[in-house]
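Shown next: input-v6.cif, containing mmCIF, N, CA and C atoms.
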```
data_target
#
loop_
_atom_site.label_atom_id
_atom_site.label_comp_id
_atom_site.auth_asym_id
_atom_site.auth_seq_id
_atom_site.Cartn_x
_atom_site.Cartn_y
_atom_site.Cartn_z
N MET A 1 8.08 -18.33 0.45
CA MET A 1 9.16 -18.76 -0.43
C MET A 1 10.41 -17.95 -0.11
N GLU A 2 11.54 -18.63 -0.07
CA GLU A 2 12.81 -17.97 0.20
C GLU A 2 13.27 -17.21 -1.03
N ASN A 3 13.92 -16.09 -0.79
CA ASN A 3 14.45 -15.25 -1.87
C ASN A 3 15.47 -16.06 -2.67
N PRO A 4 15.25 -16.25 -3.97
CA PRO A 4 16.12 -17.11 -4.78
C PRO A 4 17.51 -16.53 -5.01
N LEU A 5 17.68 -15.23 -4.88
CA LEU A 5 18.98 -14.62 -5.13
C LEU A 5 19.72 -14.28 -3.85
N ASP A 6 19.12 -14.59 -2.70
CA ASP A 6 19.71 -14.31 -1.40
C ASP A 6 20.05 -12.82 -1.26
N LEU A 7 19.17 -11.97 -1.77
CA LEU A 7 19.31 -10.53 -1.64
C LEU A 7 18.30 -10.02 -0.63
N MET A 8 18.62 -8.95 0.05
CA MET A 8 17.71 -8.35 1.01
C MET A 8 16.72 -7.45 0.25
N ILE A 9 15.58 -8.01 -0.12
CA ILE A 9 14.55 -7.27 -0.85
C ILE A 9 13.61 -6.64 0.17
N GLN A 10 13.45 -5.32 0.06
CA GLN A 10 12.63 -4.59 1.02
C GLN A 10 11.68 -3.64 0.29
N GLN A 11 10.80 -3.01 1.06
CA GLN A 11 9.90 -1.97 0.56
C GLN A 11 9.16 -2.40 -0.71
N VAL A 12 8.60 -3.59 -0.68
CA VAL A 12 7.90 -4.11 -1.86
C VAL A 12 6.52 -3.47 -1.97
N ALA A 13 6.22 -2.92 -3.14
CA ALA A 13 4.91 -2.34 -3.42
C ALA A 13 4.44 -2.88 -4.77
N ILE A 14 3.27 -3.51 -4.76
CA ILE A 14 2.73 -4.13 -5.97
C ILE A 14 1.41 -3.45 -6.33
N SER A 15 1.29 -3.05 -7.58
CA SER A 15 0.05 -2.41 -8.02
C SER A 15 -0.31 -2.90 -9.42
N LYS A 16 -1.60 -2.91 -9.68
CA LYS A 16 -2.08 -3.29 -11.01
C LYS A 16 -1.75 -2.15 -11.96
N SER A 17 -1.25 -2.48 -13.12
CA SER A 17 -0.87 -1.46 -14.10
C SER A 17 -2.10 -0.87 -14.77
N THR A 18 -2.05 0.42 -15.01
CA THR A 18 -3.11 1.09 -15.76
C THR A 18 -2.71 1.24 -17.23
N GLU A 19 -1.45 0.94 -17.54
CA GLU A 19 -0.92 1.13 -18.88
C GLU A 19 -0.92 -0.14 -19.73
N TYR A 20 -0.95 -1.29 -19.09
CA TYR A 20 -0.92 -2.57 -19.80
C TYR A 20 -1.57 -3.62 -18.91
N SER A 21 -1.80 -4.80 -19.43
CA SER A 21 -2.42 -5.88 -18.67
C SER A 21 -1.35 -6.56 -17.82
N GLY A 22 -1.27 -6.17 -16.57
CA GLY A 22 -0.25 -6.74 -15.69
C GLY A 22 -0.06 -5.92 -14.43
N TYR A 23 1.14 -6.04 -13.86
CA TYR A 23 1.44 -5.44 -12.56
C TYR A 23 2.78 -4.71 -12.58
N ASN A 24 2.89 -3.74 -11.68
CA ASN A 24 4.14 -3.05 -11.42
C ASN A 24 4.60 -3.48 -10.04
N ILE A 25 5.82 -3.94 -9.94
CA ILE A 25 6.39 -4.32 -8.65
C ILE A 25 7.58 -3.41 -8.40
N ARG A 26 7.48 -2.61 -7.36
CA ARG A 26 8.59 -1.74 -6.97
C ARG A 26 9.19 -2.31 -5.71
N PHE A 27 10.52 -2.33 -5.66
CA PHE A 27 11.20 -2.88 -4.49
C PHE A 27 12.57 -2.25 -4.35
N GLU A 28 13.18 -2.50 -3.21
CA GLU A 28 14.48 -1.91 -2.88
C GLU A 28 15.47 -3.00 -2.49
N ILE A 29 16.71 -2.84 -2.95
CA ILE A 29 17.81 -3.72 -2.56
C ILE A 29 18.98 -2.82 -2.21
N SER A 30 19.50 -2.94 -1.01
CA SER A 30 20.65 -2.14 -0.56
C SER A 30 20.43 -0.65 -0.77
N GLY A 31 19.22 -0.18 -0.49
CA GLY A 31 18.92 1.24 -0.59
C GLY A 31 18.69 1.75 -2.01
N GLN A 32 18.73 0.87 -3.00
CA GLN A 32 18.49 1.26 -4.39
C GLN A 32 17.16 0.67 -4.85
N GLN A 33 16.40 1.46 -5.60
CA GLN A 33 15.06 1.05 -5.99
C GLN A 33 15.01 0.51 -7.42
N TYR A 34 14.10 -0.46 -7.60
CA TYR A 34 13.93 -1.13 -8.89
C TYR A 34 12.45 -1.26 -9.20
N HIS A 35 12.14 -1.44 -10.47
CA HIS A 35 10.76 -1.54 -10.94
C HIS A 35 10.66 -2.73 -11.89
N MET A 36 9.88 -3.73 -11.49
CA MET A 36 9.68 -4.92 -12.31
C MET A 36 8.32 -4.81 -12.98
N LEU A 37 8.29 -5.00 -14.30
CA LEU A 37 7.04 -5.00 -15.05
C LEU A 37 6.65 -6.46 -15.30
N VAL A 38 5.42 -6.79 -14.95
CA VAL A 38 4.93 -8.16 -15.07
C VAL A 38 3.65 -8.15 -15.90
N GLY A 39 3.67 -8.87 -17.01
CA GLY A 39 2.48 -9.00 -17.84
C GLY A 39 1.57 -10.09 -17.31
N LYS A 40 0.26 -9.94 -17.55
CA LYS A 40 -0.69 -10.96 -17.08
C LYS A 40 -1.84 -11.08 -18.08
N ASN A 41 -1.83 -12.16 -18.84
CA ASN A 41 -2.99 -12.53 -19.65
C ASN A 41 -3.54 -13.79 -19.01
N THR A 42 -3.06 -14.95 -19.44
CA THR A 42 -3.44 -16.19 -18.76
C THR A 42 -2.40 -16.56 -17.71
N ASP A 43 -1.15 -16.23 -17.96
CA ASP A 43 -0.06 -16.49 -17.02
C ASP A 43 0.68 -15.19 -16.73
N TYR A 44 1.45 -15.21 -15.67
CA TYR A 44 2.30 -14.06 -15.35
C TYR A 44 3.60 -14.17 -16.14
N ILE A 45 4.05 -13.05 -16.70
CA ILE A 45 5.27 -13.01 -17.51
C ILE A 45 6.14 -11.86 -17.02
N ALA A 46 7.37 -12.16 -16.64
CA ALA A 46 8.32 -11.12 -16.24
C ALA A 46 8.80 -10.42 -17.49
N ILE A 47 8.48 -9.13 -17.63
CA ILE A 47 8.85 -8.39 -18.84
C ILE A 47 10.26 -7.82 -18.70
N ASN A 48 10.46 -6.96 -17.70
CA ASN A 48 11.80 -6.45 -17.45
C ASN A 48 11.90 -5.84 -16.06
N ILE A 49 13.13 -5.53 -15.65
CA ILE A 49 13.39 -4.90 -14.36
C ILE A 49 14.29 -3.70 -14.60
N LYS A 50 13.78 -2.52 -14.21
CA LYS A 50 14.50 -1.28 -14.45
C LYS A 50 14.99 -0.67 -13.14
N HIS A 51 16.05 0.12 -13.25
CA HIS A 51 16.50 0.95 -12.13
C HIS A 51 15.46 2.06 -11.95
N LEU A 52 15.24 2.47 -10.73
CA LEU A 52 14.32 3.57 -10.44
C LEU A 52 14.98 4.45 -9.38
N PHE A 53 16.11 5.04 -9.74
CA PHE A 53 16.92 5.81 -8.80
C PHE A 53 16.44 7.25 -8.73
N HIS A 54 16.57 7.86 -7.54
CA HIS A 54 16.17 9.25 -7.34
C HIS A 54 17.33 10.21 -7.52
N SER A 55 18.54 9.68 -7.54
CA SER A 55 19.72 10.50 -7.80
C SER A 55 20.73 9.67 -8.59
N LYS A 56 21.65 10.34 -9.24
CA LYS A 56 22.65 9.65 -10.05
C LYS A 56 23.49 8.75 -9.16
N ALA A 57 23.61 7.48 -9.55
CA ALA A 57 24.33 6.50 -8.74
C ALA A 57 24.77 5.32 -9.60
N THR A 58 25.67 4.52 -9.05
CA THR A 58 26.10 3.29 -9.70
C THR A 58 25.32 2.14 -9.08
N CYS A 59 24.72 1.31 -9.91
CA CYS A 59 23.96 0.16 -9.42
C CYS A 59 24.90 -0.82 -8.74
N ALA A 60 24.57 -1.18 -7.51
CA ALA A 60 25.39 -2.12 -6.75
C ALA A 60 25.35 -3.53 -7.34
N LEU A 61 24.34 -3.82 -8.15
CA LEU A 61 24.18 -5.17 -8.70
C LEU A 61 24.82 -5.34 -10.07
N CYS A 62 24.61 -4.37 -10.97
CA CYS A 62 25.13 -4.53 -12.34
C CYS A 62 26.29 -3.59 -12.66
N GLY A 63 26.55 -2.62 -11.78
CA GLY A 63 27.67 -1.71 -11.98
C GLY A 63 27.42 -0.58 -12.97
N LYS A 64 26.20 -0.48 -13.49
CA LYS A 64 25.86 0.56 -14.47
C LYS A 64 25.68 1.90 -13.76
N ARG A 65 26.17 2.97 -14.37
CA ARG A 65 25.96 4.33 -13.87
C ARG A 65 24.57 4.76 -14.33
N VAL A 66 23.71 5.12 -13.38
CA VAL A 66 22.30 5.37 -13.67
C VAL A 66 21.93 6.80 -13.27
N PHE A 67 21.25 7.48 -14.17
CA PHE A 67 20.74 8.82 -13.89
C PHE A 67 19.39 8.71 -13.19
N PRO A 68 18.94 9.78 -12.54
CA PRO A 68 17.66 9.74 -11.84
C PRO A 68 16.49 9.45 -12.78
N ALA A 69 15.46 8.81 -12.26
CA ALA A 69 14.24 8.54 -13.02
C ALA A 69 13.55 9.88 -13.29
N PRO A 70 12.84 10.06 -14.39
CA PRO A 70 12.50 9.07 -15.40
C PRO A 70 13.59 8.85 -16.45
N LEU A 71 14.57 9.74 -16.55
CA LEU A 71 15.61 9.55 -17.56
C LEU A 71 16.41 8.28 -17.34
N GLY A 72 16.63 7.94 -16.09
CA GLY A 72 17.50 6.81 -15.77
C GLY A 72 16.82 5.47 -15.66
N GLN A 73 15.65 5.33 -16.24
CA GLN A 73 14.96 4.04 -16.14
C GLN A 73 15.57 3.05 -17.13
N GLN A 74 16.80 2.66 -16.84
CA GLN A 74 17.50 1.68 -17.67
C GLN A 74 17.31 0.30 -17.06
N ILE A 75 17.37 -0.71 -17.88
CA ILE A 75 17.24 -2.08 -17.40
C ILE A 75 18.48 -2.45 -16.59
N CYS A 76 18.26 -3.11 -15.46
CA CYS A 76 19.36 -3.64 -14.64
C CYS A 76 19.74 -5.00 -15.23
N SER A 77 20.92 -5.09 -15.80
CA SER A 77 21.31 -6.34 -16.47
C SER A 77 21.39 -7.52 -15.51
N TYR A 78 21.79 -7.28 -14.27
CA TYR A 78 21.88 -8.37 -13.29
C TYR A 78 20.49 -8.92 -12.97
N LEU A 79 19.58 -8.04 -12.60
CA LEU A 79 18.23 -8.49 -12.25
C LEU A 79 17.47 -9.00 -13.48
N GLN A 80 17.74 -8.43 -14.63
CA GLN A 80 17.09 -8.88 -15.87
C GLN A 80 17.40 -10.35 -16.13
N GLU A 81 18.63 -10.75 -15.90
CA GLU A 81 19.01 -12.16 -16.09
C GLU A 81 18.33 -13.08 -15.09
N GLU A 82 17.94 -12.53 -13.95
CA GLU A 82 17.34 -13.34 -12.88
C GLU A 82 15.82 -13.15 -12.76
N LYS A 83 15.21 -12.46 -13.71
CA LYS A 83 13.79 -12.12 -13.58
C LYS A 83 12.88 -13.35 -13.47
N GLU A 84 13.23 -14.44 -14.16
CA GLU A 84 12.40 -15.65 -14.10
C GLU A 84 12.50 -16.35 -12.75
N ARG A 85 13.55 -16.10 -12.01
CA ARG A 85 13.68 -16.65 -10.66
C ARG A 85 13.03 -15.72 -9.63
N LEU A 86 13.03 -14.41 -9.91
CA LEU A 86 12.43 -13.46 -8.98
C LEU A 86 10.90 -13.46 -9.02
N LEU A 87 10.32 -13.64 -10.21
CA LEU A 87 8.87 -13.57 -10.34
C LEU A 87 8.15 -14.56 -9.42
N PRO A 88 8.52 -15.85 -9.37
CA PRO A 88 7.84 -16.77 -8.45
C PRO A 88 7.97 -16.35 -6.98
N TYR A 89 9.08 -15.75 -6.63
CA TYR A 89 9.27 -15.24 -5.26
C TYR A 89 8.20 -14.20 -4.93
N PHE A 90 8.02 -13.22 -5.81
CA PHE A 90 7.01 -12.18 -5.57
C PHE A 90 5.60 -12.76 -5.60
N LEU A 91 5.32 -13.64 -6.56
CA LEU A 91 3.98 -14.23 -6.67
C LEU A 91 3.61 -15.04 -5.44
N THR A 92 4.58 -15.72 -4.84
CA THR A 92 4.33 -16.54 -3.66
C THR A 92 4.35 -15.72 -2.38
N SER A 93 5.36 -14.90 -2.21
CA SER A 93 5.53 -14.15 -0.97
C SER A 93 4.52 -13.02 -0.81
N TYR A 94 3.99 -12.51 -1.90
CA TYR A 94 3.06 -11.38 -1.86
C TYR A 94 1.78 -11.71 -2.63
N SER A 95 1.34 -12.96 -2.55
CA SER A 95 0.21 -13.44 -3.35
C SER A 95 -1.07 -12.63 -3.13
N GLU A 96 -1.28 -12.10 -1.93
CA GLU A 96 -2.50 -11.35 -1.65
C GLU A 96 -2.57 -10.04 -2.43
N GLN A 97 -1.44 -9.57 -2.93
CA GLN A 97 -1.42 -8.30 -3.67
C GLN A 97 -1.67 -8.48 -5.17
N PHE A 98 -1.70 -9.73 -5.62
CA PHE A 98 -2.00 -10.01 -7.02
C PHE A 98 -3.47 -10.40 -7.11
N VAL A 99 -4.29 -9.47 -7.59
CA VAL A 99 -5.73 -9.71 -7.67
C VAL A 99 -6.12 -9.91 -9.13
N SER A 100 -7.12 -10.72 -9.35
CA SER A 100 -7.57 -11.00 -10.72
C SER A 100 -8.40 -9.88 -11.27
#
```
Write-out of the structure in structure tokens:
Amino acid sequence: MENPLDLMIQQVAISKSTEYSGYNIRFEISGQQYHMLVGKNTDYIAINIKHLFHSKATCALCGKRVFPAPLGQQICSYLQEEKERLLPYFLTSYSEQFVS
């Protein structure tokens, strides 16, 4: 599946969450890291997408000034608005990493 936002998404890492029923998707866009939380009961649900920066920086997508994680785990307003379009991309492009 083609990236719906036409962004260069790299360094995708998907893992089953130990804290809730679902998955953690970590990825990078333009050298900045993000963390998508996905719930999974009967269907997959995009919960939110947070910044996961290692140093204080301005998000290239939403323009928010973000402090390093864990303090800076703020929601990215740009990606949050697009989460329903991003989830099918990850589910299709990385389907082997989503295990039941």
Could you check the closest approach to Gly39 in chain A for each of A:Ser21, A:Leu52, A:Ala69, A:Pro4 and tell me which residue wins, using only N, CA and C atoms?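 Closest to Gly39 in chain A of all the choices is A:Ser21.
Under the PyMOL selection byres (((chain A and resi 85 and name CA) around 12) and name CA), the matching residues in the shown file are A:Met1, A:Glu2, A:Asn3, A:Pro4, A:Leu5, A:Asp6, A:Ile45, A:Ala46, A:Tyr78, A:Leu79, A:Gln80, A:Glu81, A:Glu82, A:Lys83, A:Glu84, A:Leu86, A:Leu87, A:Pro88, A:Tyr89, A:Phe90, A:Leu91, A:Thr92.
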Please indicate the distance in Å from CA of Val66 in chain A to atom C of Glu19 in chain A, rounded to one decimal place.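 The value is 24.6 Å.
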Find the distance between CA of Gln11 in chain A and CA of Gln74 in chain A and write it in Å to one decimal. 20.1 Å
In Å, with one decimal, what is the gap from CA of Tyr23 in chain A to atom C of Leu37 in chain A?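 If I compute the distance from CA of Tyr23 in chain A to atom C of Leu37 in chain A, I get 6.0 Å.
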Can you work out which one of A:Gly22, A:Ile9, A:Gly31, A:Ser95 has the shortest atom-to-atom distance to Asp43 in chain A, counting only C-alpha atoms?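 For Asp43 in chain A, the nearest of the candidates is A:Gly22.
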Take every atom of range 78-83 of chain A listed in the file, fit an axis-aligned box around them, add 8 Å per side, and give the centre and edge lengths in Å to one decimal as lines of an AutoDock Vina configuration file.
```
center_x = 17.4
center_y = -10.3
center_z = -14.2
size_x = 25.0
size_y = 22.1
size_z = 19.9
```
Distance query Ala57 in chain A at most 6.5 Å, only N, CA and C atoms, self and fewer than 2 positions along chain excluded, as a PDB file with N, CA and C atoms, in the frame of the given file:
```pdb
ATOM      1  N   SER A  55      18.540   9.680  -7.540  1.00  0.00           N
ATOM      2  CA  SER A  55      19.720  10.500  -7.800  1.00  0.00           C
ATOM      3  C   SER A  55      20.730   9.670  -8.590  1.00  0.00           C
ATOM      4  N   CYS A  59      24.720   1.310  -9.910  1.00  0.00           N
ATOM      5  CA  CYS A  59      23.960   0.160  -9.420  1.00  0.00           C
ATOM      6  C   CYS A  59      24.900  -0.820  -8.740  1.00  0.00           C
ATOM      7  N   LYS A  64      26.200  -0.480 -13.490  1.00  0.00           N
ATOM      8  CA  LYS A  64      25.860   0.560 -14.470  1.00  0.00           C
ATOM      9  C   LYS A  64      25.680   1.900 -13.760  1.00  0.00           C
ATOM     10  N   ARG A  65      26.170   2.970 -14.370  1.00  0.00           N
ATOM     11  CA  ARG A  65      25.960   4.330 -13.870  1.00  0.00           C
ATOM     12  C   ARG A  65      24.570   4.760 -14.330  1.00  0.00           C
ATOM     13  N   VAL A  66      23.710   5.120 -13.380  1.00  0.00           N
ATOM     14  CA  VAL A  66      22.300   5.370 -13.670  1.00  0.00           C
ATOM     15  C   VAL A  66      21.930   6.800 -13.270  1.00  0.00           C
ATOM     16  N   PHE A  67      21.250   7.480 -14.170  1.00  0.00           N
ATOM     17  CA  PHE A  67      20.740   8.820 -13.890  1.00  0.00           C
ATOM     18  C   PHE A  67      19.390   8.710 -13.190  1.00  0.00           C
ATOM     19  N   PRO A  68      18.940   9.780 -12.540  1.00  0.00           N
ATOM     20  CA  PRO A  68      17.660   9.740 -11.840  1.00  0.00           C
ATOM     21  C   PRO A  68      16.490   9.450 -12.780  1.00  0.00           C
TER      22      PRO A  68
END
```
Which residues come within 6 Å of Met8 in chain A, counting only N, CA and C atoms, excluding same-chain residues fewer than 6 positions away, as a ChimeraX atom specification? /A:28-30
So that I have them on file, write out the residues from the current selection with N, CA and C atoms, as a short mmCIF file (atom, residue, chain, number, x, y, z; two decimals), keeping the file's coordinate frame.
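Output contents, as saved in again13.cif:
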```cif
data_model
loop_
_atom_site.label_atom_id
_atom_site.label_comp_id
_atom_site.auth_asym_id
_atom_site.auth_seq_id
_atom_site.Cartn_x
_atom_site.Cartn_y
_atom_site.Cartn_z
N GLU A 28 13.18 -2.50 -3.21
CA GLU A 28 14.48 -1.91 -2.88
C GLU A 28 15.47 -3.00 -2.49
N ILE A 29 16.71 -2.84 -2.95
CA ILE A 29 17.81 -3.72 -2.56
C ILE A 29 18.98 -2.82 -2.21
N SER A 30 19.50 -2.94 -1.01
CA SER A 30 20.65 -2.14 -0.56
C SER A 30 20.43 -0.65 -0.77
#
```
Could you tell me which residues the PyMOL selection byres (((chain A and resi 36 and name CA) around 6) and name CA) returns for this structure, as a list in words?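 What the PyMOL selection byres (((chain A and resi 36 and name CA) around 6) and name CA) grabs from the file is Asn24, Ile25, His35, Leu37, Asn48 and Ile49 of chain A.
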For the structure I just gave you, how does DSSP split chain A - specifically, which residues are helix (DSSP H, G or I)? Reply as a PyMOL selection string. chain A and resi 77-81+83-93+95-97
Which polymer residues, protein or nucleic acid, are no farther than 6.5 Å from (-1.3, -5.5, -7.8), counting all atoms listed in the file, as a PyMOL selection string? chain A and resi 14-17+23-24+97-99
Write the selection just made, keeping N, CA and C atoms, as a PDB file, in the frame of the given file?
```pdb
ATOM      1  N   ILE A  14       3.270  -3.510  -4.760  1.00  0.00           N
ATOM      2  CA  ILE A  14       2.730  -4.130  -5.970  1.00  0.00           C
ATOM      3  C   ILE A  14       1.410  -3.450  -6.330  1.00  0.00           C
ATOM      4  N   SER A  15       1.290  -3.050  -7.580  1.00  0.00           N
ATOM      5  CA  SER A  15       0.050  -2.410  -8.020  1.00  0.00           C
ATOM      6  C   SER A  15      -0.310  -2.900  -9.420  1.00  0.00           C
ATOM      7  N   LYS A  16      -1.600  -2.910  -9.680  1.00  0.00           N
ATOM      8  CA  LYS A  16      -2.080  -3.290 -11.010  1.00  0.00           C
ATOM      9  C   LYS A  16      -1.750  -2.150 -11.960  1.00  0.00           C
ATOM     10  N   SER A  17      -1.250  -2.480 -13.120  1.00  0.00           N
ATOM     11  CA  SER A  17      -0.870  -1.460 -14.100  1.00  0.00           C
ATOM     12  C   SER A  17      -2.100  -0.870 -14.770  1.00  0.00           C
ATOM     13  N   TYR A  23       1.140  -6.040 -13.860  1.00  0.00           N
ATOM     14  CA  TYR A  23       1.440  -5.440 -12.560  1.00  0.00           C
ATOM     15  C   TYR A  23       2.780  -4.710 -12.580  1.00  0.00           C
ATOM     16  N   ASN A  24       2.890  -3.740 -11.680  1.00  0.00           N
ATOM     17  CA  ASN A  24       4.140  -3.050 -11.420  1.00  0.00           C
ATOM     18  C   ASN A  24       4.600  -3.480 -10.040  1.00  0.00           C
ATOM     19  N   GLN A  97      -1.440  -9.570  -2.930  1.00  0.00           N
ATOM     20  CA  GLN A  97      -1.420  -8.300  -3.670  1.00  0.00           C
ATOM     21  C   GLN A  97      -1.670  -8.480  -5.170  1.00  0.00           C
ATOM     22  N   PHE A  98      -1.700  -9.730  -5.620  1.00  0.00           N
ATOM     23  CA  PHE A  98      -2.000 -10.010  -7.020  1.00  0.00           C
ATOM     24  C   PHE A  98      -3.470 -10.400  -7.110  1.00  0.00           C
ATOM     25  N   VAL A  99      -4.290  -9.470  -7.590  1.00  0.00           N
ATOM     26  CA  VAL A  99      -5.730  -9.710  -7.670  1.00  0.00           C
ATOM     27  C   VAL A  99      -6.120  -9.910  -9.130  1.00  0.00           C
TER      28      VAL A  99
END
```
Based on the backbone DSSP call, show me all residues of chain A assigned strand (DSSP E), as a ChimeraX atom specification. /A:9-16,22-29,32-40,44-51,57-58,65-66
